[in-house]
Amino acid sequence: MMRFDGQLKAEGRAGDSVSRQVALIAASTVMAVTWTMVLSNAPGKAGWFALHPPLQTLAIFLFTFGIITLQPTNQPRTKAAGLIRHQVAIFLVGFPSILFGTFAVSYNKWLRSADHFATWHGTIGIICMAWLVFQITLGAGSVWFDGALFGGGMKAKALWKYHRLSGYLLFPLLLFSVHLGGAWSNWSEKYSIWIVRFVAFTVAPVALMVGVYVRARTSKMQFIK
């Protein structure tokens, strides 16, 4: 829906609502299929690993919501409200979820004396986690306490566009990690048929990325003036 604030320009664009629904439905599909696979196949016997897929896909859903809730905002009132939703979804809930999910699978490997980072899924996953720490530090540091971490004022606000760009580069890498774990892992192949894996972990992540990217505002990342 397009929104107006006095004489300010509309925030919505043609296709934004459809793209929003595509992104949310795709993220929900990834999460729902993953949770169903875990919960319907004796999660108690899987040990700590049982926490990993649900928490990671929950985080992906929350990251998706956190991104799309801030994308169309360009007016002071809606931008402030969107930023609060963005931080709650990503920083307060999403990041702790993915962090604990990563700990769970790492601890499960440690208990079994299994090799860490033995697959592309694991390697890319830990790269994503390191990048997420940087991403959150950059984002929070540029707005919290008037951006005191980065010098405050306009100097700190100038870094926000880099936070935005970094996020748009990180997001497809997160989805690729989901694709690798969901479509190609031994665990996923054991507990799902190929068409389910294809739809949930190949088609849905692509649709999710398209839905988010279509809503992106490149005008908010003015690197050359």
# chains A, B, ... in the order shown; residues from 1 in each chain; ligands from 1
>>> residues_around(residues="range 173-175 of chain A", least_positions_apart="5", cutoff="12 Å", atoms="only C-alpha atoms", output="PyMOL selection string")
chain A and resi 26-27+30+56-57+59-61+63-64+98+120-132+166-168+180-183+200-210+212
>>> residues_around(residues="range 184-187 of chain A", least_positions_apart="4", cutoff="10 Å", atoms="only C-alpha atoms", output="ChimeraX atom specification")
/A:37-38,119,121,178-180,191-192,194,197-198,201
>>> write_last_selection(atoms="N, CA, C and O atoms", output="PDB file, in the first residue's frame")
ATOM      1  N   MET A  37      10.101 -31.213   9.101  1.00  0.00           N
ATOM      2  CA  MET A  37      11.070 -32.297   8.954  1.00  0.00           C
ATOM      3  C   MET A  37      11.696 -32.667  10.298  1.00  0.00           C
ATOM      4  O   MET A  37      11.868 -33.837  10.618  1.00  0.00           O
ATOM      5  N   VAL A  38      12.035 -31.661  11.085  1.00  0.00           N
ATOM      6  CA  VAL A  38      12.681 -31.912  12.377  1.00  0.00           C
ATOM      7  C   VAL A  38      11.700 -32.522  13.370  1.00  0.00           C
ATOM      8  O   VAL A  38      11.980 -33.555  13.996  1.00  0.00           O
ATOM      9  N   THR A 119      31.976 -29.411   5.278  1.00  0.00           N
ATOM     10  CA  THR A 119      31.161 -29.250   4.082  1.00  0.00           C
ATOM     11  C   THR A 119      31.115 -27.771   3.697  1.00  0.00           C
ATOM     12  O   THR A 119      31.438 -26.890   4.509  1.00  0.00           O
ATOM     13  N   HIS A 121      28.424 -26.173   3.256  1.00  0.00           N
ATOM     14  CA  HIS A 121      27.363 -25.605   4.096  1.00  0.00           C
ATOM     15  C   HIS A 121      27.937 -25.082   5.409  1.00  0.00           C
ATOM     16  O   HIS A 121      27.649 -23.953   5.825  1.00  0.00           O
ATOM     17  N   VAL A 178      21.473 -21.919   3.355  1.00  0.00           N
ATOM     18  CA  VAL A 178      20.216 -22.645   3.582  1.00  0.00           C
ATOM     19  C   VAL A 178      19.991 -23.663   2.461  1.00  0.00           C
ATOM     20  O   VAL A 178      19.596 -24.811   2.705  1.00  0.00           O
ATOM     21  N   HIS A 179      20.241 -23.231   1.238  1.00  0.00           N
ATOM     22  CA  HIS A 179      20.075 -24.128   0.094  1.00  0.00           C
ATOM     23  C   HIS A 179      20.984 -25.352   0.219  1.00  0.00           C
ATOM     24  O   HIS A 179      20.543 -26.492   0.021  1.00  0.00           O
ATOM     25  N   LEU A 180      22.227 -25.123   0.561  1.00  0.00           N
ATOM     26  CA  LEU A 180      23.165 -26.234   0.674  1.00  0.00           C
ATOM     27  C   LEU A 180      22.753 -27.212   1.775  1.00  0.00           C
ATOM     28  O   LEU A 180      22.788 -28.431   1.593  1.00  0.00           O
ATOM     29  N   TYR A 191      15.278 -37.436   5.322  1.00  0.00           N
ATOM     30  CA  TYR A 191      13.956 -37.168   5.894  1.00  0.00           C
ATOM     31  C   TYR A 191      13.005 -36.383   4.984  1.00  0.00           C
ATOM     32  O   TYR A 191      11.975 -35.885   5.457  1.00  0.00           O
ATOM     33  N   SER A 192      13.328 -36.275   3.705  1.00  0.00           N
ATOM     34  CA  SER A 192      12.405 -35.607   2.787  1.00  0.00           C
ATOM     35  C   SER A 192      12.585 -36.150   1.378  1.00  0.00           C
ATOM     36  O   SER A 192      13.639 -36.697   1.039  1.00  0.00           O
ATOM     37  N   TRP A 194      12.690 -35.564  -2.851  1.00  0.00           N
ATOM     38  CA  TRP A 194      13.429 -34.566  -3.632  1.00  0.00           C
ATOM     39  C   TRP A 194      12.582 -33.360  -4.014  1.00  0.00           C
ATOM     40  O   TRP A 194      13.075 -32.225  -4.019  1.00  0.00           O
ATOM     41  N   ARG A 197      12.413 -30.943  -1.140  1.00  0.00           N
ATOM     42  CA  ARG A 197      13.688 -30.230  -0.997  1.00  0.00           C
ATOM     43  C   ARG A 197      13.861 -29.179  -2.094  1.00  0.00           C
ATOM     44  O   ARG A 197      14.339 -28.075  -1.848  1.00  0.00           O
ATOM     45  N   PHE A 198      13.463 -29.547  -3.307  1.00  0.00           N
ATOM     46  CA  PHE A 198      13.617 -28.618  -4.426  1.00  0.00           C
ATOM     47  C   PHE A 198      12.779 -27.358  -4.227  1.00  0.00           C
ATOM     48  O   PHE A 198      13.264 -26.233  -4.422  1.00  0.00           O
ATOM     49  N   PHE A 201      13.985 -25.521  -0.640  1.00  0.00           N
ATOM     50  CA  PHE A 201      15.365 -25.091  -0.440  1.00  0.00           C
ATOM     51  C   PHE A 201      16.080 -24.643  -1.714  1.00  0.00           C
ATOM     52  O   PHE A 201      17.260 -24.291  -1.657  1.00  0.00           O
TER      53      PHE A 201
END
>>> select_by_dssp(residues="range 60-177 of chain A", states="helix (DSSP H, G or I)", output="number ranges by chain")
A: 60-68, 76-111, 120-150, 153-157, 160-177
>>> atom_distance(atom1="CA of Ser113 in chain A", atom2="CA of Phe100 in chain A")
19.5 Å
>>> atom_distance(atom1="CA of Arg217 in chain A", atom2="CA of Pro172 in chain A")
16.9 Å
>>> residues_around(residues="range 137-153 of chain A", least_positions_apart="3", cutoff="9 Å", atoms="only C-alpha atoms", output="short mmCIF file (atom, residue, chain, number, x, y, z; two decimals) with N, CA and C atoms, in the first residue's frame")
data_model
loop_
_atom_site.label_atom_id
_atom_site.label_comp_id
_atom_site.auth_asym_id
_atom_site.auth_seq_id
_atom_site.Cartn_x
_atom_site.Cartn_y
_atom_site.Cartn_z
N GLN A 87 15.17 -3.53 14.18
CA GLN A 87 16.08 -3.91 15.25
C GLN A 87 15.51 -5.02 16.13
N PHE A 91 18.00 -7.85 15.52
CA PHE A 91 18.98 -7.83 16.61
C PHE A 91 18.49 -8.56 17.86
N LEU A 132 27.84 -11.50 9.95
CA LEU A 132 26.71 -10.99 10.72
C LEU A 132 27.16 -10.14 11.91
N VAL A 133 28.22 -10.58 12.58
CA VAL A 133 28.75 -9.80 13.71
C VAL A 133 29.21 -8.42 13.22
N PHE A 134 29.92 -8.42 12.10
CA PHE A 134 30.35 -7.14 11.50
C PHE A 134 29.14 -6.30 11.11
N ALA A 156 28.61 9.29 11.66
CA ALA A 156 28.11 7.93 11.91
C ALA A 156 26.98 7.57 10.94
N LYS A 157 26.07 8.53 10.68
CA LYS A 157 24.95 8.26 9.79
C LYS A 157 25.42 7.96 8.38
N ALA A 158 26.57 8.51 8.00
CA ALA A 158 27.11 8.26 6.66
C ALA A 158 27.47 6.80 6.44
N LEU A 159 27.66 6.07 7.55
CA LEU A 159 28.03 4.65 7.44
C LEU A 159 26.82 3.76 7.18
N TRP A 160 25.61 4.30 7.37
CA TRP A 160 24.42 3.47 7.24
C TRP A 160 24.31 2.86 5.85
N TYR A 162 26.63 1.82 3.99
CA TYR A 162 27.51 0.66 3.91
C TYR A 162 26.90 -0.53 4.64
N HIS A 163 26.20 -0.24 5.73
CA HIS A 163 25.47 -1.29 6.44
C HIS A 163 24.40 -1.88 5.53
N ARG A 164 23.71 -1.03 4.81
CA ARG A 164 22.66 -1.48 3.90
C ARG A 164 23.25 -2.32 2.77
#
>>> closest_residue(among="A:Lys161, A:Ile90, A:Ile68, A:Ala42", to="Val18 in chain A", atoms="only C-alpha atoms")
A:Ile68
>>> atom_distance(atom1="CA of Tyr107 in chain A", atom2="CA of Ser177 in chain A")
19.0 Å
>>> closest_residue(among="A:Leu51, A:Leu62, A:Leu169, A:Ala118", to="Tyr213 in chain A", atoms="only C-alpha atoms")
A:Leu169
>>> closest_residue(among="A:Ala216, A:Ala104, A:Ser188, A:Phe117", to="Asn41 in chain A", atoms="only C-alpha atoms")
A:Ser188
>>> residues_around(residues="range 83-86 of chain A", least_positions_apart="6", cutoff="7 Å", atoms="only C-alpha atoms", output="list in words")
Gly66, Ile67, Thr69 and Leu70 of chain A
>>> write_last_selection(atoms="all heavy atoms", output="PDB file, in the first residue's frame")
ATOM      1  N   GLY A  66      12.698  -8.138   8.957  1.00  0.00           N
ATOM      2  CA  GLY A  66      13.449  -6.952   9.360  1.00  0.00           C
ATOM      3  C   GLY A  66      13.891  -6.106   8.191  1.00  0.00           C
ATOM      4  O   GLY A  66      13.935  -4.877   8.280  1.00  0.00           O
ATOM      5  N   ILE A  67      14.221  -6.762   7.077  1.00  0.00           N
ATOM      6  CA  ILE A  67      14.638  -6.024   5.878  1.00  0.00           C
ATOM      7  C   ILE A  67      13.455  -5.345   5.209  1.00  0.00           C
ATOM      8  O   ILE A  67      13.489  -4.142   4.925  1.00  0.00           O
ATOM      9  CB  ILE A  67      15.331  -6.974   4.880  1.00  0.00           C
ATOM     10  CG1 ILE A  67      16.653  -7.481   5.447  1.00  0.00           C
ATOM     11  CG2 ILE A  67      15.584  -6.258   3.547  1.00  0.00           C
ATOM     12  CD1 ILE A  67      17.271  -8.608   4.639  1.00  0.00           C
ATOM     13  N   THR A  69      10.554  -4.537   6.275  1.00  0.00           N
ATOM     14  CA  THR A  69       9.804  -3.548   7.055  1.00  0.00           C
ATOM     15  C   THR A  69      10.467  -2.178   7.010  1.00  0.00           C
ATOM     16  O   THR A  69       9.838  -1.169   7.289  1.00  0.00           O
ATOM     17  CB  THR A  69       9.646  -4.002   8.519  1.00  0.00           C
ATOM     18  OG1 THR A  69       8.636  -3.219   9.150  1.00  0.00           O
ATOM     19  CG2 THR A  69      10.959  -3.837   9.299  1.00  0.00           C
ATOM     20  N   LEU A  70      11.746  -2.148   6.634  1.00  0.00           N
ATOM     21  CA  LEU A  70      12.479  -0.877   6.590  1.00  0.00           C
ATOM     22  C   LEU A  70      12.677  -0.394   5.167  1.00  0.00           C
ATOM     23  O   LEU A  70      12.929   0.794   4.944  1.00  0.00           O
ATOM     24  CB  LEU A  70      13.836  -1.043   7.281  1.00  0.00           C
ATOM     25  CG  LEU A  70      14.630   0.214   7.625  1.00  0.00           C
ATOM     26  CD1 LEU A  70      13.812   1.140   8.525  1.00  0.00           C
ATOM     27  CD2 LEU A  70      15.945  -0.155   8.310  1.00  0.00           C
TER      28      LEU A  70
END
>>> closest_residue(among="A:Val33, A:Pro72, A:Thr102, A:Ser40", to="Ser17 in chain A", atoms="only C-alpha atoms")
A:Pro72
